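> Structure supplied as query-v4.cif; contents: mmCIF, C-alpha atoms.
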data_query
loop_
_atom_site.group_PDB
_atom_site.id
_atom_site.type_symbol
_atom_site.label_atom_id
_atom_site.label_comp_id
_atom_site.auth_asym_id
_atom_site.auth_seq_id
_atom_site.Cartn_x
_atom_site.Cartn_y
_atom_site.Cartn_z
ATOM 1 C CA MET A 97 125.807 67.542 77.288
ATOM 2 C CA ALA A 98 128.713 66.777 79.599
ATOM 3 C CA ARG A 99 129.807 63.183 79.982
ATOM 4 C CA GLU A 100 128.662 61.682 83.285
ATOM 5 C CA ARG A 101 131.525 60.831 85.608
ATOM 6 C CA LYS A 102 131.741 59.876 89.250
ATOM 7 C CA PHE A 103 133.084 62.423 91.714
ATOM 8 C CA SER A 104 133.900 62.281 95.394
ATOM 9 C CA THR A 105 132.287 64.383 98.085
ATOM 10 C CA GLU A 106 135.636 66.123 98.453
ATOM 11 C CA ASP A 107 135.648 66.976 94.719
ATOM 12 C CA LEU A 108 132.065 68.212 94.938
ATOM 13 C CA PHE A 109 132.723 70.422 97.966
ATOM 14 C CA LYS A 110 135.996 71.753 96.538
ATOM 15 C CA ALA A 111 134.230 72.799 93.324
ATOM 16 C CA THR A 112 131.323 74.242 95.335
ATOM 17 C CA LYS A 113 133.714 76.314 97.440
ATOM 18 C CA GLU A 114 135.596 77.605 94.390
ATOM 19 C CA LEU A 115 132.384 78.657 92.665
ATOM 20 C CA LEU A 116 130.945 80.308 95.762
ATOM 21 C CA LEU A 117 134.137 82.289 96.295
ATOM 22 C CA ASP A 118 134.345 83.202 92.587
ATOM 23 C CA ILE A 119 130.740 84.143 91.840
ATOM 24 C CA GLY A 120 128.826 84.158 95.125
ATOM 25 C CA TYR A 121 125.483 82.686 96.096
ATOM 26 C CA GLU A 122 123.343 84.438 93.492
ATOM 27 C CA GLY A 123 125.527 83.376 90.554
ATOM 28 C CA PHE A 124 125.963 79.797 91.762
ATOM 29 C CA THR A 125 124.081 77.251 89.619
ATOM 30 C CA PHE A 126 124.094 73.500 89.186
ATOM 31 C CA SER A 127 124.948 74.082 85.503
ATOM 32 C CA LEU A 128 128.186 75.864 86.397
ATOM 33 C CA LEU A 129 129.015 73.270 89.035
ATOM 34 C CA ALA A 130 128.330 70.395 86.625
ATOM 35 C CA ASP A 131 130.637 72.019 84.051
ATOM 36 C CA ARG A 132 133.382 72.321 86.632
ATOM 37 C CA LEU A 133 132.963 68.672 87.655
ATOM 38 C CA HIS A 134 132.575 67.474 84.020
ATOM 39 C CA VAL A 135 129.243 65.795 84.716
ATOM 40 C CA ALA A 136 125.694 66.246 83.498
ATOM 41 C CA ARG A 137 123.643 68.717 85.537
ATOM 42 C CA GLY A 138 121.093 65.969 86.222
ATOM 43 C CA THR A 139 123.802 64.019 88.060
ATOM 44 C CA LEU A 140 123.818 66.664 90.796
ATOM 45 C CA TYR A 141 120.041 66.391 91.193
ATOM 46 C CA LYS A 142 120.516 62.721 92.105
ATOM 47 C CA TYR A 143 122.102 63.965 95.343
ATOM 48 C CA TYR A 144 120.539 67.365 96.007
ATOM 49 C CA GLU A 145 117.097 68.818 95.368
ATOM 50 C CA ASN A 146 118.481 72.340 95.010
ATOM 51 C CA LYS A 147 121.590 74.456 95.481
ATOM 52 C CA ASP A 148 120.592 75.422 99.039
ATOM 53 C CA GLU A 149 120.784 71.788 100.174
ATOM 54 C CA LEU A 150 124.208 71.423 98.589
ATOM 55 C CA ILE A 151 125.576 74.710 99.920
ATOM 56 C CA THR A 152 124.375 74.054 103.475
ATOM 57 C CA ASP A 153 125.828 70.510 103.361
ATOM 58 C CA PHE A 154 129.096 72.051 102.159
ATOM 59 C CA MET A 155 128.992 74.633 104.978
ATOM 60 C CA ILE A 156 128.517 71.867 107.554
ATOM 61 C CA TYR A 157 131.510 70.032 106.094
ATOM 62 C CA GLU A 158 133.664 73.182 106.223
ATOM 63 C CA MET A 159 132.632 73.915 109.803
ATOM 64 C CA GLN A 160 133.383 70.341 110.862
ATOM 65 C CA GLN A 161 136.864 70.585 109.327
ATOM 66 C CA PHE A 162 137.465 73.881 111.143
ATOM 67 C CA LEU A 163 136.216 72.432 114.453
ATOM 68 C CA LEU A 164 138.495 69.389 114.112
ATOM 69 C CA GLU A 165 141.460 71.728 113.837
ATOM 70 C CA LEU A 166 140.164 74.039 116.565
ATOM 71 C CA GLU A 167 139.849 71.133 119.030
ATOM 72 C CA GLN A 168 143.645 70.904 118.976
ATOM 73 C CA ILE A 169 143.829 74.215 120.858
ATOM 74 C CA LYS A 170 143.333 72.285 124.104
ATOM 75 C CA ASP A 171 146.657 70.488 123.494
ATOM 76 C CA VAL A 172 148.554 73.780 123.262
ATOM 77 C CA LYS A 173 150.050 74.873 126.593
ATOM 78 C CA GLY A 174 149.673 78.471 127.747
ATOM 79 C CA PHE A 175 147.412 81.288 126.648
ATOM 80 C CA GLU A 176 149.901 83.084 124.400
ATOM 81 C CA ALA A 177 150.691 79.853 122.525
ATOM 82 C CA GLN A 178 146.938 79.206 122.179
ATOM 83 C CA PHE A 179 146.489 82.770 120.912
ATOM 84 C CA ASP A 180 149.133 82.169 118.219
ATOM 85 C CA PHE A 181 147.501 78.842 117.346
ATOM 86 C CA LEU A 182 144.056 80.459 117.043
ATOM 87 C CA LEU A 183 145.217 83.364 114.869
ATOM 88 C CA ASN A 184 147.170 81.035 112.591
ATOM 89 C CA LEU A 185 144.100 78.810 112.303
ATOM 90 C CA ILE A 186 141.814 81.742 111.528
ATOM 91 C CA PHE A 187 144.148 83.093 108.856
ATOM 92 C CA SER A 188 144.590 79.645 107.304
ATOM 93 C CA HIS A 189 140.781 79.649 106.870
ATOM 94 C CA SER A 190 140.475 83.273 105.795
ATOM 95 C CA GLU A 191 137.721 82.501 103.272
ATOM 96 C CA VAL A 192 135.384 81.492 106.112
ATOM 97 C CA GLN A 193 134.310 85.117 106.615
ATOM 98 C CA HIS A 194 133.137 85.304 102.991
ATOM 99 C CA LEU A 195 131.413 81.922 103.229
ATOM 100 C CA ILE A 196 129.542 82.984 106.388
ATOM 101 C CA GLY A 197 128.198 85.962 104.454
ATOM 102 C CA ILE A 198 127.048 83.617 101.710
ATOM 103 C CA ALA A 199 125.389 81.296 104.231
ATOM 104 C CA GLN A 200 123.327 84.217 105.519
ATOM 105 C CA GLN A 201 121.801 84.641 102.043
ATOM 106 C CA ILE A 202 120.317 81.132 101.994
ATOM 107 C CA PRO A 203 116.541 81.240 102.488
ATOM 108 C CA LYS A 204 115.686 79.186 105.575
ATOM 109 C CA GLU A 205 112.292 78.269 104.162
ATOM 110 C CA SER A 206 113.866 76.494 101.151
ATOM 111 C CA ASN A 207 112.938 73.010 102.438
ATOM 112 C CA GLU A 208 113.156 70.793 105.525
ATOM 113 C CA LYS A 209 116.694 69.557 104.751
ATOM 114 C CA VAL A 210 117.959 73.131 104.422
ATOM 115 C CA ARG A 211 116.279 74.103 107.720
ATOM 116 C CA ALA A 212 117.862 71.074 109.424
ATOM 117 C CA ASN A 213 121.266 71.946 107.954
ATOM 118 C CA ILE A 214 121.007 75.558 109.106
ATOM 119 C CA ASN A 215 120.127 74.344 112.619
ATOM 120 C CA HIS A 216 123.125 71.996 112.448
ATOM 121 C CA LEU A 217 125.358 74.920 111.446
ATOM 122 C CA GLU A 218 124.091 76.970 114.383
ATOM 123 C CA LYS A 219 124.934 74.059 116.715
ATOM 124 C CA HIS A 220 128.459 73.899 115.270
ATOM 125 C CA HIS A 221 128.792 77.629 115.807
ATOM 126 C CA LEU A 222 127.944 77.112 119.482
ATOM 127 C CA ASP A 223 130.440 74.225 119.649
ATOM 128 C CA MET A 224 133.103 76.576 118.308
ATOM 129 C CA TYR A 225 132.413 79.096 121.049
ATOM 130 C CA HIS A 226 132.463 76.303 123.633
ATOM 131 C CA HIS A 227 136.026 75.441 122.588
ATOM 132 C CA LEU A 228 136.956 79.099 122.687
ATOM 133 C CA GLN A 229 135.418 79.696 126.114
ATOM 134 C CA ALA A 230 138.200 77.613 127.670
ATOM 135 C CA PHE A 231 140.707 79.739 125.709
ATOM 136 C CA VAL A 232 139.256 82.971 127.151
ATOM 137 C CA GLU A 233 139.111 81.490 130.662
ATOM 138 C CA LEU A 234 142.783 80.515 130.414
ATOM 139 C CA GLY A 235 143.663 84.069 129.368
ATOM 140 C CA ARG A 236 141.853 85.444 132.407
ATOM 141 C CA LYS A 237 143.385 82.833 134.716
ATOM 142 C CA GLU A 238 146.891 83.732 133.509
ATOM 143 C CA ASN A 239 146.046 87.458 133.948
ATOM 144 C CA VAL A 240 146.682 88.143 130.264
ATOM 145 C CA LEU A 241 143.129 89.233 129.389
ATOM 146 C CA LYS A 242 141.439 92.139 131.121
ATOM 147 C CA GLN A 243 138.552 90.967 133.289
ATOM 148 C CA ALA A 244 136.182 93.787 132.271
ATOM 149 C CA ILE A 245 136.147 93.027 128.535
ATOM 150 C CA PRO A 246 133.209 90.744 127.628
ATOM 151 C CA ASP A 247 134.137 87.320 126.233
ATOM 152 C CA GLY A 248 132.067 87.825 123.081
ATOM 153 C CA LEU A 249 133.891 91.068 122.302
ATOM 154 C CA ILE A 250 137.298 89.419 122.711
ATOM 155 C CA LEU A 251 136.357 86.524 120.432
ATOM 156 C CA GLY A 252 134.541 88.741 117.930
ATOM 157 C CA PHE A 253 137.507 91.105 117.722
ATOM 158 C CA ILE A 254 139.916 88.226 117.102
ATOM 159 C CA PHE A 255 137.701 86.614 114.458
ATOM 160 C CA GLN A 256 136.952 89.880 112.652
ATOM 161 C CA THR A 257 140.647 90.574 112.026
ATOM 162 C CA ILE A 258 140.531 88.357 108.925
ATOM 163 C CA ALA A 259 138.057 90.825 107.405
ATOM 164 C CA ILE A 260 140.560 93.704 107.535
ATOM 165 C CA PRO A 261 141.527 94.409 103.907
ATOM 166 C CA ASN A 262 145.228 94.445 103.066
ATOM 167 C CA HIS A 263 145.031 97.275 100.508
ATOM 168 C CA PHE A 264 148.740 98.046 100.647
ATOM 169 C CA GLY A 265 149.917 94.505 99.953
ATOM 170 C CA VAL A 266 151.776 94.006 103.218
ATOM 171 C CA PRO A 267 153.473 90.589 103.026
ATOM 172 C CA TYR A 268 151.288 87.881 104.573
ATOM 173 C CA ASN A 269 153.547 86.946 107.505
ATOM 174 C CA GLU A 270 154.148 90.597 108.401
ATOM 175 C CA TRP A 271 150.398 91.257 108.152
ATOM 176 C CA VAL A 272 149.497 88.399 110.509
ATOM 177 C CA GLU A 273 152.258 89.266 112.998
ATOM 178 C CA SER A 274 151.161 92.927 113.019
ATOM 179 C CA ILE A 275 147.559 91.939 113.716
ATOM 180 C CA LYS A 276 148.719 89.666 116.563
ATOM 181 C CA HIS A 277 150.735 92.570 117.967
ATOM 182 C CA ILE A 278 147.838 95.030 117.757
ATOM 183 C CA ILE A 279 145.456 92.593 119.466
ATOM 184 C CA SER A 280 147.885 91.741 122.257
ATOM 185 C CA HIS A 281 149.674 95.097 122.774
ATOM 186 C CA GLY A 282 147.596 97.772 121.039
ATOM 187 C CA MET A 283 148.836 100.220 118.439
ATOM 188 C CA PHE A 284 149.755 103.166 120.667
ATOM 189 C CA THR A 285 153.292 103.625 121.909
ATOM 190 C CA PRO A 286 153.705 103.873 125.690
ATOM 191 C CA ARG A 287 153.778 107.478 126.953
#
Could you rewrite the structure in this file as structure tokens?

Amino acid sequence: MARERKFSTEDLFKATKELLLDIGYEGFTFSLLADRLHVARGTLYKYYENKDELITDFMIYEMQQFLLELEQIKDVKGFEAQFDFLLNLIFSHSEVQHLIGIAQQIPKESNEKVRANINHLEKHHLDMYHHLQAFVELGRKENVLKQAIPDGLILGFIFQTIAIPNHFGVPYNEWVESIKHIISHGMFTPR
């Protein structure tokens, strides 16, 4: 049995994130997490009834960290500078797309804490779009964004760019700059 040792919330969430990204929701167990943290499995049960409570707590933490960074967009002057800020932020949190997919696998009927956490996550998701609504409005005000394109499509298109696979190994900076260019100027040459 592993020797019991104290760990911080940051250590716990870091190990949780690593395991989720490595093996996914189905493979995630308290045994594997305890091994990674060098504690007894029972130690984790002192804090969480099951993995769904832990994973949803972790997701809330991740979303709060993302929102703290996203709030800084209001301090950036001009739509194009905000656009650069947002894309850089999204790409610095590129694993979020994978984690969102994992979150969708969590059974909502697990227990009351899990249901409350999922509701909390949905509220954070709305908070995120609230911050981004001002971004879209600024783009329209500065006549950079086309009026006819729905806000949700603009935001969805921007956020989905992190899911585009880089099969050809384009260097990271070139990849991000090319995506920015395609979003802002398209991929067709002027005729």
> Show me a table, sorted first by chain and then by increasing residue number, of the residues of range 196-258 of chain A having an atom at most 10 Å from range 271-284 of chain A, each with its shortest atom pair and the distance in Å to one decimal, counting all atoms listed in the file and written as CSV.

residue,atom,partner,partner_atom,distance
A:Val240,CA,A:Ser280,CA,8.9
A:Leu241,CA,A:Ser280,CA,8.9
A:Ile250,CA,A:Ile279,CA,9.3
A:Phe253,CA,A:Ile279,CA,8.3
A:Ile254,CA,A:Ile279,CA,7.4
A:Thr257,CA,A:Ile275,CA,7.2
A:Ile258,CA,A:Val272,CA,9.1
> Residues at most 12 Å from Glu106 in chain A, counting all atoms listed in the file, excluding those fewer than 4 positions away in the same chain, as an mmCIF file with C-alpha atoms, in the coordinates of the input?

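Just written: out.cif:
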data_model
loop_
_atom_site.group_PDB
_atom_site.id
_atom_site.type_symbol
_atom_site.label_atom_id
_atom_site.label_comp_id
_atom_site.auth_asym_id
_atom_site.auth_seq_id
_atom_site.Cartn_x
_atom_site.Cartn_y
_atom_site.Cartn_z
ATOM 1 C CA LYS A 102 131.741 59.876 89.250
ATOM 2 C CA LYS A 110 135.996 71.753 96.538
ATOM 3 C CA ALA A 111 134.230 72.799 93.324
ATOM 4 C CA THR A 112 131.323 74.242 95.335
ATOM 5 C CA LYS A 113 133.714 76.314 97.440
ATOM 6 C CA LEU A 133 132.963 68.672 87.655
ATOM 7 C CA ASP A 153 125.828 70.510 103.361
ATOM 8 C CA PHE A 154 129.096 72.051 102.159
ATOM 9 C CA TYR A 157 131.510 70.032 106.094
ATOM 10 C CA GLU A 158 133.664 73.182 106.223
ATOM 11 C CA GLN A 161 136.864 70.585 109.327
#
> Using the chain letters and numbers from the file, give me the residues hit by the PyMOL selection byres ((chain A and resi 165) around 12), as a list in words.
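Taken on the displayed file, the PyMOL selection byres ((chain A and resi 165) around 12) yields the residues Glu158, Met159, Gln160, Gln161, Phe162, Leu163, Leu164, Leu166, Glu167, Gln168, Ile169, Lys170, Asp171, Val172, Phe181, Leu182, Asn184, Leu185, Ile186, Ser188, His189, Met224 and His227 of chain A.
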> Rounded to one decimal in Å, what is the spacing between CA of Glu149 in chain A and CA of Leu129 in chain A?
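Straight-line distance from CA of Glu149 in chain A to CA of Leu129 in chain A works out to 13.9 Å.
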> Could you check which of A:Ile202, A:Ile119, A:Ala230, A:Leu251 is closest to Asn146 in chain A, using only C-alpha atoms?
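Smallest distance to Asn146 in chain A is found for A:Ile202.
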> Let me make sure I understand: among A:Leu234, A:Ala199, A:Ala259, A:Val135, which one has the smallest atom-to-atom distance to Glu122 in chain A if we use all atoms listed in the file?
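That would be A:Ala199, the residue with the smallest distance to Glu122 in chain A.
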> Taking into account all atoms listed in the file, which residue in the set A:Asp131, A:Glu233, A:Glu218, A:Glu208 is nearest to Leu108 in chain A?
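Checking each of A:Asp131, A:Glu233, A:Glu218, A:Glu208 against Leu108 in chain A, counting all atoms listed in the file, the winner is A:Asp131.
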> Measure the distance from CA of Phe175 in chain A to CA of Phe231 in chain A in Å and round it to one decimal.
6.9 Å
> One number please: CA of Asp223 in chain A to CA of Asp118 in chain A, in Å, one decimal.
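For CA of Asp223 in chain A relative to CA of Asp118 in chain A, the distance reads 28.8 Å.
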> Which of these residues is nearest to His221 in chain A, using only C-alpha atoms: A:Met155, A:Asp180, A:Tyr268, A:Phe124?
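Using only C-alpha atoms, His221 in chain A sits closest to A:Met155.
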> Considering all atoms listed in the file, state which residue in the set A:Val192, A:Val266, A:Ala130, A:Leu117 is at the smallest distance from Phe103 in chain A.
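Of A:Val192, A:Val266, A:Ala130, A:Leu117, the one nearest Phe103 in chain A is A:Ala130, counting all atoms listed in the file.
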> From the options A:Gln256, A:Arg132, A:Lys204, A:Tyr121, which residue's atoms come nearest to Asp107 in chain A, counting all atoms listed in the file?
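Comparing A:Gln256, A:Arg132, A:Lys204, A:Tyr121 against Asp107 in chain A, the winner is A:Arg132.
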> Box along x, y and z, 3 Å on every side, all listed atoms of range 143-150 of chain A inside: centre and edge lengths in Å to one decimal, as AutoDock Vina command-line options.

--center_x 120.7 --center_y 69.7 --center_z 97.6 --size_x 13.1 --size_y 17.5 --size_z 11.2
> How would range 238-256 of chain A of the given structure read as a file with N, CA and C atoms, as a PDB file, in the first residue's frame?

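New file selection_12.pdb:
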ATOM      1  N   GLU A 238     -16.455  48.533 -34.362  1.00  0.00           N
ATOM      2  CA  GLU A 238     -15.299  48.974 -35.141  1.00  0.00           C
ATOM      3  C   GLU A 238     -15.419  48.571 -36.617  1.00  0.00           C
ATOM      4  N   ASN A 239     -16.560  47.990 -37.005  1.00  0.00           N
ATOM      5  CA  ASN A 239     -16.801  47.551 -38.383  1.00  0.00           C
ATOM      6  C   ASN A 239     -15.776  46.526 -38.873  1.00  0.00           C
ATOM      7  N   VAL A 240     -15.331  45.669 -37.977  1.00  0.00           N
ATOM      8  CA  VAL A 240     -14.391  44.612 -38.331  1.00  0.00           C
ATOM      9  C   VAL A 240     -15.158  43.312 -38.586  1.00  0.00           C
ATOM     10  N   LEU A 241     -16.207  43.079 -37.802  1.00  0.00           N
ATOM     11  CA  LEU A 241     -17.028  41.874 -37.968  1.00  0.00           C
ATOM     12  C   LEU A 241     -18.262  42.185 -38.804  1.00  0.00           C
ATOM     13  N   LYS A 242     -18.598  41.258 -39.678  1.00  0.00           N
ATOM     14  CA  LYS A 242     -19.803  41.415 -40.497  1.00  0.00           C
ATOM     15  C   LYS A 242     -21.036  41.304 -39.616  1.00  0.00           C
ATOM     16  N   GLN A 243     -21.973  42.209 -39.832  1.00  0.00           N
ATOM     17  CA  GLN A 243     -23.185  42.283 -39.010  1.00  0.00           C
ATOM     18  C   GLN A 243     -24.065  41.035 -39.142  1.00  0.00           C
ATOM     19  N   ALA A 244     -24.087  40.417 -40.312  1.00  0.00           N
ATOM     20  CA  ALA A 244     -25.027  39.325 -40.579  1.00  0.00           C
ATOM     21  C   ALA A 244     -24.612  37.983 -39.966  1.00  0.00           C
ATOM     22  N   ILE A 245     -23.376  37.860 -39.533  1.00  0.00           N
ATOM     23  CA  ILE A 245     -22.927  36.578 -38.976  1.00  0.00           C
ATOM     24  C   ILE A 245     -23.336  36.513 -37.507  1.00  0.00           C
ATOM     25  N   PRO A 246     -24.077  35.465 -37.114  1.00  0.00           N
ATOM     26  CA  PRO A 246     -24.526  35.355 -35.717  1.00  0.00           C
ATOM     27  C   PRO A 246     -23.346  35.280 -34.738  1.00  0.00           C
ATOM     28  N   ASP A 247     -23.525  35.894 -33.575  1.00  0.00           N
ATOM     29  CA  ASP A 247     -22.486  35.931 -32.549  1.00  0.00           C
ATOM     30  C   ASP A 247     -21.997  34.534 -32.183  1.00  0.00           C
ATOM     31  N   GLY A 248     -22.939  33.617 -31.973  1.00  0.00           N
ATOM     32  CA  GLY A 248     -22.578  32.252 -31.585  1.00  0.00           C
ATOM     33  C   GLY A 248     -21.710  31.570 -32.621  1.00  0.00           C
ATOM     34  N   LEU A 249     -21.946  31.840 -33.899  1.00  0.00           N
ATOM     35  CA  LEU A 249     -21.138  31.246 -34.956  1.00  0.00           C
ATOM     36  C   LEU A 249     -19.720  31.822 -34.930  1.00  0.00           C
ATOM     37  N   ILE A 250     -19.617  33.119 -34.726  1.00  0.00           N
ATOM     38  CA  ILE A 250     -18.286  33.749 -34.647  1.00  0.00           C
ATOM     39  C   ILE A 250     -17.489  33.130 -33.501  1.00  0.00           C
ATOM     40  N   LEU A 251     -18.099  33.088 -32.316  1.00  0.00           N
ATOM     41  CA  LEU A 251     -17.399  32.560 -31.146  1.00  0.00           C
ATOM     42  C   LEU A 251     -17.110  31.066 -31.287  1.00  0.00           C
ATOM     43  N   GLY A 252     -18.092  30.318 -31.785  1.00  0.00           N
ATOM     44  CA  GLY A 252     -17.890  28.883 -31.986  1.00  0.00           C
ATOM     45  C   GLY A 252     -16.772  28.599 -32.971  1.00  0.00           C
ATOM     46  N   PHE A 253     -16.721  29.365 -34.047  1.00  0.00           N
ATOM     47  CA  PHE A 253     -15.678  29.188 -35.060  1.00  0.00           C
ATOM     48  C   PHE A 253     -14.305  29.457 -34.457  1.00  0.00           C
ATOM     49  N   ILE A 254     -14.194  30.541 -33.688  1.00  0.00           N
ATOM     50  CA  ILE A 254     -12.913  30.864 -33.056  1.00  0.00           C
ATOM     51  C   ILE A 254     -12.497  29.754 -32.095  1.00  0.00           C
ATOM     52  N   PHE A 255     -13.423  29.328 -31.228  1.00  0.00           N
ATOM     53  CA  PHE A 255     -13.078  28.319 -30.229  1.00  0.00           C
ATOM     54  C   PHE A 255     -12.796  26.952 -30.839  1.00  0.00           C
ATOM     55  N   GLN A 256     -13.426  26.619 -31.948  1.00  0.00           N
ATOM     56  CA  GLN A 256     -13.219  25.299 -32.543  1.00  0.00           C
ATOM     57  C   GLN A 256     -11.890  25.181 -33.275  1.00  0.00           C
TER      58      GLN A 256
END
